[in-house]
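The next block holds one structure in the form of structure tokens; read it before the comments.
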Amino acid sequence: MTKPRRKLVEVRNLKMYFPIHAGVLRRHVGDVKAVDDVSFDIFEGETLGIVGESGCGKSTCGRAVLRLYDITDGSIKIDGVEIGSKSQSALRKLRPTMQMVFQDPQASLNPRMTVAGIIGEPMDEHTDWSKARKLERIYELMDAVGLNRNFVNRYPHSFSGGQRQRIGIARALALNPKFIICDEPIAALDVSIQAQVVNLLEELQDRLGLTYMFISHDLSMVRHIADRVAVMYLGKFIELAPRDALYAEPLHPYTQALLSAVPDPDPASEERVERIILKGDVPSPANPPQGCNFCNRCPKVMDICREIDPEFRELESGHFVACHLYNDAGQTGASRHEHTQQGEDA
Amino acid sequence: MTETAKAAPFSPDEAFRPPRNQWWDVWDQFKYHRGALAGLAVFVAIIVFVTIGPLIWQVDPGAINIRSRNQGMSMTYPLGTDQLGRDMLARLMYGGRISVAVGLVAMFLGLVIGTLIGVVAGYFKVFDSPLMRLTDLFLALPLLPLLLILVALFRDPLETMFGQAMGVFSLIVFAIAITSWMQTARIVRGDVLALKEREFVLAARSIGTPSLRINTRHVLPNVLSPIMVSATLGIATAIITESALSFLGLGFPPDFPTWGRILYDGRDWIEQYPSRVVWPGVLISLTVLSVNYIGDGLRDALDPRIRGR
């Protein structure tokens, strides 16, 4: 596999906290740490898959990277331009380079707009093309995503889920973006339609040289589409590796558990699979446990895990993991131990 | 479903039908709503009656003829005369002008204020609390004392500025609008709060649509249904409030006929001459009813999900 190694997206220490206000005076009593100190790069032309269970912050991470939220802290560079601290009005001009495909095609299309209106909206916002030129582009995009040109006057309610998702993809492509965040684009679709949409996304990537950040909880689908895969747990990246390395040899205990849960279509091998069953629930992101976020469910938990948050570091080339199992725990742990406050387990 | 039937065969002539103005779709649906068409016909008839009618039936609505008072229907007086011998038909025509104008303008103004406050309060969190407390304040204000003060303070300056009729008209329209926008604002705010969390608004933000256009393009069209409902109800309330004001002597002076005033004038004679009350009553009801039906049809026609059923 030949990969161009230019970094299109660079995210450093991204934090997205949602404040909790309580009491009569609506005082700020804490934060939901939806995305907590996440750093990663996405190379041009590749697909970075992000997996994790519900509520772990995948979607928030995607939306924060596009600055649909005002992030708490951190830096985001897209195509060399720092957007982490830009105001929304300044971001407006940069929006064409980065687009998003949403999870629920039913909810992400305005029920009162026709297909032409929906696909044409980005052009209305960012270009001063004539009506005829816009229409030409709309038809071009509809052809590209496999929608019949007849549908141009129809409203979203008269489409099936897969067709709606195609409309969503056409809208995202309208301004020739470089980077598209696919926020669980297939989660709301039937399996047969999922394959169509994923194939369409891959085809468009080949043709237009797109870069994807593909958020999903469908591990098999991510394995199919992604070049590199990141695993999220409770607002943090715990493992990030090239696809084959991750699926062949998951390092983090959570990744191992996650991958052992993937069903196998072959009944013979399916019976032999040893499932790692995790106990307990995901802790609240408002009140994560001290030390490693995973320490209260980890089957290989050690003492140090309850005290120190493991560093997200590169173990082999391109394979990042945040786990004490792979740190030469004694030294790195002890040196930072003194700085860490001893406290009760959350 | 007509829509599937229409679009199913991929006929070549339809294939390259360019997008057309969405109002054509609205009209296509509207003309199949019988109630709405009937309402539209009645409303147009009323408008013609009050605007073109006086040009054909050229009788002074204020001309007093004591000798021929309290007459029934006849060729000279098609709808009879009132207790001062004034021609009822002419009075109804002239009265209709004012009543319909007050109803429409006050409703429109109230709607604009209500929608604006509702959208701003719902969309921008900082304004939510102040604007909603303002709405509560207006809801808690006793209507009549407020109107009394308004009239006492502003009637004379407005009359010197715009002349008697326009002065009173603007005062009454303003007074009715300022006291009737609150329900609209509440309803719109509630809907906007729910709408702005929908994914298509987020999608518009990711495209880079500024807040103003998100509101006009995505939020407002989707709150049109409740706005339509309060509009059609508002026009009735406005006409009736105007009558009540005239009755209290706060509205138009007695020599200006309005439907409300004709109705109240006829009230004392309701037993001897019921037609005196029936005619303005019927006209007010017809106006309100026709506007209601138009609003109903429009609301259905504006919703693409209902369209084509």
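Here's how to read the names in the structure tokens: chain A, B, ... by the order shown, residue numbers from 1 in each chain, ligand numbers from 1 in the order shown.
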
Requested in this report: Write out as a ChimeraX atom specification each polymer residue whose atoms come within 9 Å of B:Pro210, counting only C-alpha atoms; drop sequence neighbours fewer than 6 positions from it.
Outcome: /A:88-89,92,125 /B:204

Query raised in the report: Near chain B, which residues of chain A fall within 9 Å when you count only C-alpha atoms, and what do they look like as a PyMOL selection string?
Result: chain A and resi 63+66-68+88-89+91-96+98-114+116-117+121-122+125-126+135+148-158+171-172

Residues within 12 Å of A:Val229, please, as a PDB file with N, CA, C and O atoms, in the first residue's frame. Count only C-alpha atoms; anything in the same chain fewer than 5 positions from it doesn't count.
```pdb
ATOM      1  N   PHE A  40      -4.146  13.289  17.343  1.00  0.00           N
ATOM      2  CA  PHE A  40      -3.940  12.356  16.228  1.00  0.00           C
ATOM      3  C   PHE A  40      -3.709  13.136  14.947  1.00  0.00           C
ATOM      4  O   PHE A  40      -3.936  14.338  14.874  1.00  0.00           O
ATOM      5  N   ASP A  41      -3.232  12.418  13.938  1.00  0.00           N
ATOM      6  CA  ASP A  41      -3.044  13.001  12.610  1.00  0.00           C
ATOM      7  C   ASP A  41      -3.860  12.189  11.622  1.00  0.00           C
ATOM      8  O   ASP A  41      -4.080  10.999  11.821  1.00  0.00           O
ATOM      9  N   ILE A  42      -4.289  12.837  10.573  1.00  0.00           N
ATOM     10  CA  ILE A  42      -4.874  12.090   9.464  1.00  0.00           C
ATOM     11  C   ILE A  42      -4.096  12.474   8.216  1.00  0.00           C
ATOM     12  O   ILE A  42      -3.933  13.651   7.920  1.00  0.00           O
ATOM     13  N   GLU A  46      -6.101   9.122   3.192  1.00  0.00           N
ATOM     14  CA  GLU A  46      -6.367   7.909   3.948  1.00  0.00           C
ATOM     15  C   GLU A  46      -7.728   7.987   4.645  1.00  0.00           C
ATOM     16  O   GLU A  46      -8.380   9.024   4.657  1.00  0.00           O
ATOM     17  N   THR A  47      -8.132   6.867   5.204  1.00  0.00           N
ATOM     18  CA  THR A  47      -9.347   6.832   6.000  1.00  0.00           C
ATOM     19  C   THR A  47      -8.960   6.448   7.420  1.00  0.00           C
ATOM     20  O   THR A  47      -8.365   5.395   7.635  1.00  0.00           O
ATOM     21  N   LEU A  48      -9.271   7.324   8.344  1.00  0.00           N
ATOM     22  CA  LEU A  48      -9.033   6.997   9.740  1.00  0.00           C
ATOM     23  C   LEU A  48     -10.357   6.547  10.330  1.00  0.00           C
ATOM     24  O   LEU A  48     -11.325   7.310  10.364  1.00  0.00           O
ATOM     25  N   GLY A  49     -10.415   5.287  10.746  1.00  0.00           N
ATOM     26  CA  GLY A  49     -11.633   4.795  11.375  1.00  0.00           C
ATOM     27  C   GLY A  49     -11.592   5.085  12.859  1.00  0.00           C
ATOM     28  O   GLY A  49     -10.536   4.965  13.476  1.00  0.00           O
ATOM     29  N   ILE A  50     -12.721   5.490  13.415  1.00  0.00           N
ATOM     30  CA  ILE A  50     -12.775   5.691  14.863  1.00  0.00           C
ATOM     31  C   ILE A  50     -13.862   4.786  15.404  1.00  0.00           C
ATOM     32  O   ILE A  50     -15.018   4.873  14.974  1.00  0.00           O
ATOM     33  N   VAL A  51     -13.486   3.890  16.297  1.00  0.00           N
ATOM     34  CA  VAL A  51     -14.482   2.981  16.852  1.00  0.00           C
ATOM     35  C   VAL A  51     -14.548   3.150  18.357  1.00  0.00           C
ATOM     36  O   VAL A  51     -13.640   3.687  18.991  1.00  0.00           O
ATOM     37  N   GLY A  52     -15.615   2.663  18.914  1.00  0.00           N
ATOM     38  CA  GLY A  52     -15.805   2.755  20.347  1.00  0.00           C
ATOM     39  C   GLY A  52     -17.267   2.539  20.630  1.00  0.00           C
ATOM     40  O   GLY A  52     -18.087   2.581  19.725  1.00  0.00           O
ATOM     41  N   TYR A 212     -10.963  10.664   4.684  1.00  0.00           N
ATOM     42  CA  TYR A 212     -12.118  10.438   5.546  1.00  0.00           C
ATOM     43  C   TYR A 212     -11.703  10.278   6.993  1.00  0.00           C
ATOM     44  O   TYR A 212     -10.662   9.708   7.300  1.00  0.00           O
ATOM     45  N   MET A 213     -12.576  10.743   7.851  1.00  0.00           N
ATOM     46  CA  MET A 213     -12.523  10.312   9.241  1.00  0.00           C
ATOM     47  C   MET A 213     -13.832   9.566   9.416  1.00  0.00           C
ATOM     48  O   MET A 213     -14.910  10.155   9.344  1.00  0.00           O
ATOM     49  N   PHE A 214     -13.726   8.258   9.560  1.00  0.00           N
ATOM     50  CA  PHE A 214     -14.910   7.417   9.493  1.00  0.00           C
ATOM     51  C   PHE A 214     -15.258   6.932  10.892  1.00  0.00           C
ATOM     52  O   PHE A 214     -14.569   6.086  11.461  1.00  0.00           O
ATOM     53  N   ILE A 215     -16.320   7.507  11.436  1.00  0.00           N
ATOM     54  CA  ILE A 215     -16.726   7.167  12.796  1.00  0.00           C
ATOM     55  C   ILE A 215     -17.767   6.064  12.718  1.00  0.00           C
ATOM     56  O   ILE A 215     -18.733   6.171  11.959  1.00  0.00           O
ATOM     57  N   SER A 216     -17.563   5.016  13.481  1.00  0.00           N
ATOM     58  CA  SER A 216     -18.518   3.916  13.413  1.00  0.00           C
ATOM     59  C   SER A 216     -18.387   3.060  14.656  1.00  0.00           C
ATOM     60  O   SER A 216     -17.390   3.122  15.374  1.00  0.00           O
ATOM     61  N   HIS A 217     -19.422   2.264  14.916  1.00  0.00           N
ATOM     62  CA  HIS A 217     -19.218   1.233  15.931  1.00  0.00           C
ATOM     63  C   HIS A 217     -19.285  -0.152  15.296  1.00  0.00           C
ATOM     64  O   HIS A 217     -19.320  -1.151  15.978  1.00  0.00           O
ATOM     65  N   ASP A 218     -19.312  -0.151  13.978  1.00  0.00           N
ATOM     66  CA  ASP A 218     -19.349  -1.423  13.271  1.00  0.00           C
ATOM     67  C   ASP A 218     -17.915  -1.811  12.909  1.00  0.00           C
ATOM     68  O   ASP A 218     -17.324  -1.304  11.967  1.00  0.00           O
ATOM     69  N   LEU A 219     -17.363  -2.744  13.712  1.00  0.00           N
ATOM     70  CA  LEU A 219     -15.938  -3.046  13.561  1.00  0.00           C
ATOM     71  C   LEU A 219     -15.619  -3.677  12.215  1.00  0.00           C
ATOM     72  O   LEU A 219     -14.572  -3.410  11.632  1.00  0.00           O
ATOM     73  N   SER A 220     -16.529  -4.499  11.710  1.00  0.00           N
ATOM     74  CA  SER A 220     -16.235  -5.147  10.428  1.00  0.00           C
ATOM     75  C   SER A 220     -16.202  -4.110   9.309  1.00  0.00           C
ATOM     76  O   SER A 220     -15.386  -4.187   8.391  1.00  0.00           O
ATOM     77  N   MET A 221     -17.118  -3.134   9.390  1.00  0.00           N
ATOM     78  CA  MET A 221     -17.177  -2.123   8.351  1.00  0.00           C
ATOM     79  C   MET A 221     -15.928  -1.240   8.396  1.00  0.00           C
ATOM     80  O   MET A 221     -15.371  -0.877   7.367  1.00  0.00           O
ATOM     81  N   VAL A 222     -15.479  -0.922   9.604  1.00  0.00           N
ATOM     82  CA  VAL A 222     -14.272  -0.115   9.738  1.00  0.00           C
ATOM     83  C   VAL A 222     -13.078  -0.880   9.178  1.00  0.00           C
ATOM     84  O   VAL A 222     -12.232  -0.324   8.483  1.00  0.00           O
ATOM     85  N   ARG A 223     -13.055  -2.183   9.450  1.00  0.00           N
ATOM     86  CA  ARG A 223     -11.965  -3.010   8.932  1.00  0.00           C
ATOM     87  C   ARG A 223     -11.949  -2.966   7.408  1.00  0.00           C
ATOM     88  O   ARG A 223     -10.906  -2.970   6.769  1.00  0.00           O
ATOM     89  N   HIS A 224     -13.149  -2.890   6.854  1.00  0.00           N
ATOM     90  CA  HIS A 224     -13.264  -2.868   5.402  1.00  0.00           C
ATOM     91  C   HIS A 224     -12.769  -1.542   4.816  1.00  0.00           C
ATOM     92  O   HIS A 224     -12.062  -1.515   3.819  1.00  0.00           O
ATOM     93  N   PHE A 237      -8.465   8.471  23.281  1.00  0.00           N
ATOM     94  CA  PHE A 237      -7.965   7.447  22.374  1.00  0.00           C
ATOM     95  C   PHE A 237      -7.148   6.479  23.210  1.00  0.00           C
ATOM     96  O   PHE A 237      -6.265   6.889  23.955  1.00  0.00           O
ATOM     97  N   ILE A 238      -7.450   5.184  23.103  1.00  0.00           N
ATOM     98  CA  ILE A 238      -6.640   4.245  23.857  1.00  0.00           C
ATOM     99  C   ILE A 238      -5.725   3.449  22.946  1.00  0.00           C
ATOM    100  O   ILE A 238      -4.745   2.885  23.383  1.00  0.00           O
ATOM    101  N   GLU A 239      -6.081   3.388  21.663  1.00  0.00           N
ATOM    102  CA  GLU A 239      -5.200   2.671  20.754  1.00  0.00           C
ATOM    103  C   GLU A 239      -5.398   3.243  19.360  1.00  0.00           C
ATOM    104  O   GLU A 239      -6.515   3.564  18.965  1.00  0.00           O
ATOM    105  N   LEU A 240      -4.315   3.377  18.643  1.00  0.00           N
ATOM    106  CA  LEU A 240      -4.380   3.880  17.275  1.00  0.00           C
ATOM    107  C   LEU A 240      -3.326   3.146  16.473  1.00  0.00           C
ATOM    108  O   LEU A 240      -2.149   3.167  16.839  1.00  0.00           O
ATOM    109  N   ALA A 241      -3.754   2.444  15.440  1.00  0.00           N
ATOM    110  CA  ALA A 241      -2.795   1.618  14.707  1.00  0.00           C
ATOM    111  C   ALA A 241      -3.257   1.432  13.293  1.00  0.00           C
ATOM    112  O   ALA A 241      -4.429   1.598  12.994  1.00  0.00           O
ATOM    113  N   PRO A 242      -2.342   1.059  12.398  1.00  0.00           N
ATOM    114  CA  PRO A 242      -2.777   0.660  11.066  1.00  0.00           C
ATOM    115  C   PRO A 242      -3.758  -0.495  11.185  1.00  0.00           C
ATOM    116  O   PRO A 242      -3.663  -1.306  12.106  1.00  0.00           O
ATOM    117  N   ARG A 243      -4.696  -0.542  10.257  1.00  0.00           N
ATOM    118  CA  ARG A 243      -5.800  -1.485  10.378  1.00  0.00           C
ATOM    119  C   ARG A 243      -5.338  -2.914  10.621  1.00  0.00           C
ATOM    120  O   ARG A 243      -5.766  -3.562  11.582  1.00  0.00           O
ATOM    121  N   ASP A 244      -4.453  -3.405   9.774  1.00  0.00           N
ATOM    122  CA  ASP A 244      -4.098  -4.809   9.864  1.00  0.00           C
ATOM    123  C   ASP A 244      -3.416  -5.122  11.183  1.00  0.00           C
ATOM    124  O   ASP A 244      -3.696  -6.145  11.805  1.00  0.00           O
ATOM    125  N   ALA A 245      -2.576  -4.210  11.623  1.00  0.00           N
ATOM    126  CA  ALA A 245      -1.892  -4.427  12.890  1.00  0.00           C
ATOM    127  C   ALA A 245      -2.894  -4.474  14.031  1.00  0.00           C
ATOM    128  O   ALA A 245      -2.814  -5.318  14.926  1.00  0.00           O
ATOM    129  N   LEU A 246      -3.872  -3.594  13.976  1.00  0.00           N
ATOM    130  CA  LEU A 246      -4.827  -3.531  15.072  1.00  0.00           C
ATOM    131  C   LEU A 246      -5.690  -4.787  15.112  1.00  0.00           C
ATOM    132  O   LEU A 246      -5.916  -5.375  16.165  1.00  0.00           O
ATOM    133  N   TYR A 247      -6.172  -5.190  13.948  1.00  0.00           N
ATOM    134  CA  TYR A 247      -7.067  -6.347  13.952  1.00  0.00           C
ATOM    135  C   TYR A 247      -6.303  -7.640  14.193  1.00  0.00           C
ATOM    136  O   TYR A 247      -6.833  -8.591  14.755  1.00  0.00           O
ATOM    137  N   PRO A 250      -4.335  -6.763  18.616  1.00  0.00           N
ATOM    138  CA  PRO A 250      -4.766  -5.640  19.456  1.00  0.00           C
ATOM    139  C   PRO A 250      -3.972  -5.644  20.754  1.00  0.00           C
ATOM    140  O   PRO A 250      -3.759  -6.702  21.346  1.00  0.00           O
ATOM    141  N   THR A 255      -9.415  -3.006  23.509  1.00  0.00           N
ATOM    142  CA  THR A 255      -9.478  -3.343  22.085  1.00  0.00           C
ATOM    143  C   THR A 255      -9.631  -4.843  21.912  1.00  0.00           C
ATOM    144  O   THR A 255     -10.390  -5.315  21.067  1.00  0.00           O
ATOM    145  N   GLY A 318       3.894   3.675  14.272  1.00  0.00           N
ATOM    146  CA  GLY A 318       2.505   3.877  13.889  1.00  0.00           C
ATOM    147  C   GLY A 318       1.496   3.214  14.802  1.00  0.00           C
ATOM    148  O   GLY A 318       0.306   3.336  14.597  1.00  0.00           O
ATOM    149  N   HIS A 319       1.947   2.477  15.785  1.00  0.00           N
ATOM    150  CA  HIS A 319       1.016   1.803  16.689  1.00  0.00           C
ATOM    151  C   HIS A 319       1.053   2.472  18.062  1.00  0.00           C
ATOM    152  O   HIS A 319       1.983   2.315  18.824  1.00  0.00           O
ATOM    153  N   PHE A 320       0.017   3.243  18.337  1.00  0.00           N
ATOM    154  CA  PHE A 320      -0.031   3.968  19.598  1.00  0.00           C
ATOM    155  C   PHE A 320      -0.942   3.219  20.553  1.00  0.00           C
ATOM    156  O   PHE A 320      -1.964   2.664  20.147  1.00  0.00           O
ATOM    157  N   VAL A 321      -0.584   3.231  21.819  1.00  0.00           N
ATOM    158  CA  VAL A 321      -1.479   2.624  22.796  1.00  0.00           C
ATOM    159  C   VAL A 321      -1.322   3.353  24.122  1.00  0.00           C
ATOM    160  O   VAL A 321      -0.265   3.891  24.428  1.00  0.00           O
TER     161      VAL A 321
END
```

Query - Residue contacts of B:Phe169 (9 Å, only C-alpha atoms) excluding same-chain residues fewer than 5 positions away, as a VMD selection string - result: chain B and resid 98 101 to 102 164 174 251 to 252

Query raised in the report: To one decimal place, how far is atom CA of B:Gly80 from atom CA of B:Asp255 in Å?
Result: 18.1 Å

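Distance-wise, atom CA of B:Asp265 and atom CA of B:Val291 end up 25.5 Å apart.
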
Report task. Any chance you could list, as a PyMOL selection string, the residues in stretch 158-249 of chain B that come up alpha helix (DSSP H) when DSSP is run on the backbone? Result -> chain B and resi 158-162+164-178+182-195+199-207+211-214+220-222+224-247

**Report entry** Residue contacts of stretch 29-34 of chain B (6 Å, only C-alpha atoms) excluding same-chain residues fewer than 2 positions away, as a VMD selection string
**Finding:** chain B and resid 26 to 27 36 to 37 297 301

Kindly save the residues from that selection, with N, CA, C and O atoms included, as an mmCIF file, in the first residue's frame.
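Once written, again.cif looks like this:
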```cif
data_model
loop_
_atom_site.group_PDB
_atom_site.id
_atom_site.type_symbol
_atom_site.label_atom_id
_atom_site.label_comp_id
_atom_site.auth_asym_id
_atom_site.auth_seq_id
_atom_site.Cartn_x
_atom_site.Cartn_y
_atom_site.Cartn_z
ATOM 1 N N VAL B 26 -46.663 24.344 -3.827
ATOM 2 C CA VAL B 26 -47.629 24.739 -2.803
ATOM 3 C C VAL B 26 -48.992 24.978 -3.447
ATOM 4 O O VAL B 26 -50.015 24.505 -2.965
ATOM 5 N N TRP B 27 -48.986 25.694 -4.558
ATOM 6 C CA TRP B 27 -50.256 25.990 -5.223
ATOM 7 C C TRP B 27 -50.901 24.711 -5.752
ATOM 8 O O TRP B 27 -52.106 24.519 -5.638
ATOM 9 N N ALA B 36 -60.096 25.153 1.562
ATOM 10 C CA ALA B 36 -59.241 26.323 1.373
ATOM 11 C C ALA B 36 -59.673 27.125 0.156
ATOM 12 O O ALA B 36 -59.699 28.359 0.181
ATOM 13 N N LEU B 37 -60.043 26.419 -0.919
ATOM 14 C CA LEU B 37 -60.486 27.131 -2.114
ATOM 15 C C LEU B 37 -61.775 27.898 -1.841
ATOM 16 O O LEU B 37 -61.923 29.060 -2.235
ATOM 17 N N GLY B 297 -55.548 25.243 4.617
ATOM 18 C CA GLY B 297 -55.082 24.725 3.334
ATOM 19 C C GLY B 297 -53.631 25.063 3.080
ATOM 20 O O GLY B 297 -52.853 24.243 2.597
ATOM 21 N N ALA B 301 -50.522 22.663 2.473
ATOM 22 C CA ALA B 301 -49.812 22.768 1.201
ATOM 23 C C ALA B 301 -48.333 23.049 1.423
ATOM 24 O O ALA B 301 -47.488 22.663 0.629
#
```

Query raised in the report: Do you know which residues are at most 12 Å from B:Val192 counting only C-alpha atoms, after dropping those on the same chain fewer than 4 positions away, and could you put them as a PyMOL selection string?
Result: chain B and resi 115-125+128+184-188+196-198+201+214-216+218-224+226-227

Query - Residues near stretch 65-67 of chain B, cut-off 10 Å, only C-alpha atoms, skip fewer than 6 positions along chain, as a list in words - result: Thr81, Asp82, Gln83, Leu84, Gly85, Arg86 and Asp87 of chain B

Using all heavy atoms, can you export the residues from the last selection as an mmCIF file, in the first residue's frame?
```cif
data_model
loop_
_atom_site.group_PDB
_atom_site.id
_atom_site.type_symbol
_atom_site.label_atom_id
_atom_site.label_comp_id
_atom_site.auth_asym_id
_atom_site.auth_seq_id
_atom_site.Cartn_x
_atom_site.Cartn_y
_atom_site.Cartn_z
ATOM 1 N N THR B 81 -82.347 49.992 7.099
ATOM 2 C CA THR B 81 -81.650 51.140 7.677
ATOM 3 C C THR B 81 -81.538 50.951 9.182
ATOM 4 O O THR B 81 -82.194 50.078 9.761
ATOM 5 C CB THR B 81 -82.412 52.443 7.416
ATOM 6 O OG1 THR B 81 -83.735 52.299 7.946
ATOM 7 C CG2 THR B 81 -82.485 52.762 5.938
ATOM 8 N N ASP B 82 -80.690 51.759 9.809
ATOM 9 C CA ASP B 82 -80.561 51.637 11.259
ATOM 10 C C ASP B 82 -81.442 52.668 11.965
ATOM 11 O O ASP B 82 -82.284 53.310 11.344
ATOM 12 C CB ASP B 82 -79.090 51.744 11.669
ATOM 13 C CG ASP B 82 -78.527 53.135 11.429
ATOM 14 O OD1 ASP B 82 -79.266 53.984 10.913
ATOM 15 O OD2 ASP B 82 -77.338 53.353 11.736
ATOM 16 N N GLN B 83 -81.190 52.839 13.260
ATOM 17 C CA GLN B 83 -82.100 53.675 14.051
ATOM 18 C C GLN B 83 -82.014 55.149 13.673
ATOM 19 O O GLN B 83 -82.854 55.941 14.077
ATOM 20 C CB GLN B 83 -81.833 53.471 15.550
ATOM 21 C CG GLN B 83 -80.565 54.094 16.095
ATOM 22 C CD GLN B 83 -79.320 53.238 15.796
ATOM 23 O OE1 GLN B 83 -79.365 52.275 15.052
ATOM 24 N NE2 GLN B 83 -78.204 53.633 16.373
ATOM 25 N N LEU B 84 -81.009 55.540 12.897
ATOM 26 C CA LEU B 84 -80.911 56.920 12.434
ATOM 27 C C LEU B 84 -81.222 57.036 10.950
ATOM 28 O O LEU B 84 -80.987 58.083 10.352
ATOM 29 C CB LEU B 84 -79.507 57.477 12.713
ATOM 30 C CG LEU B 84 -79.142 57.598 14.191
ATOM 31 C CD1 LEU B 84 -77.695 58.026 14.357
ATOM 32 C CD2 LEU B 84 -80.061 58.578 14.899
ATOM 33 N N GLY B 85 -81.674 55.943 10.370
ATOM 34 C CA GLY B 85 -82.027 55.972 8.962
ATOM 35 C C GLY B 85 -80.838 55.890 8.028
ATOM 36 O O GLY B 85 -80.928 56.239 6.857
ATOM 37 N N ARG B 86 -79.671 55.433 8.549
ATOM 38 C CA ARG B 86 -78.504 55.296 7.672
ATOM 39 C C ARG B 86 -78.568 53.965 6.936
ATOM 40 O O ARG B 86 -78.995 52.947 7.517
ATOM 41 C CB ARG B 86 -77.216 55.381 8.501
ATOM 42 C CG ARG B 86 -76.981 56.772 9.057
ATOM 43 C CD ARG B 86 -75.778 56.829 9.959
ATOM 44 N NE ARG B 86 -75.980 56.038 11.178
ATOM 45 C CZ ARG B 86 -75.236 56.161 12.266
ATOM 46 N NH1 ARG B 86 -74.258 57.037 12.303
ATOM 47 N NH2 ARG B 86 -75.475 55.429 13.319
ATOM 48 N N ASP B 87 -78.083 53.958 5.719
ATOM 49 C CA ASP B 87 -78.190 52.760 4.895
ATOM 50 C C ASP B 87 -77.236 51.677 5.391
ATOM 51 O O ASP B 87 -76.023 51.880 5.474
ATOM 52 C CB ASP B 87 -77.864 53.119 3.438
ATOM 53 C CG ASP B 87 -78.007 51.910 2.549
ATOM 54 O OD1 ASP B 87 -79.079 51.295 2.579
ATOM 55 O OD2 ASP B 87 -77.032 51.590 1.840
#
```

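Distance-wise, atom CA of B:Trp279 and atom CA of B:Asp60 end up 18.4 Å apart.
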
Query raised in the report: Nearest to B:Gly114 among B:Tyr94, B:Phe154, B:Phe138, B:Tyr273, with distances taken over only C-alpha atoms: which residue is it?
Result: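 For B:Gly114, the nearest of the given residues is B:Phe138.
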
Requested in this report: Can you work out which one of A:Ile20, A:Val81, A:Val11, A:Leu325 has the shortest atom-to-atom distance to A:Phe43, counting only C-alpha atoms?
Outcome: A:Val11

Query raised in the report: Looking at B:Ile270, B:Leu89, B:Met75, B:Val168, which one is nearest to B:Phe49, with distances taken over only C-alpha atoms?
Result: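 Checking each candidate against B:Phe49, we get B:Leu89 as the closest.
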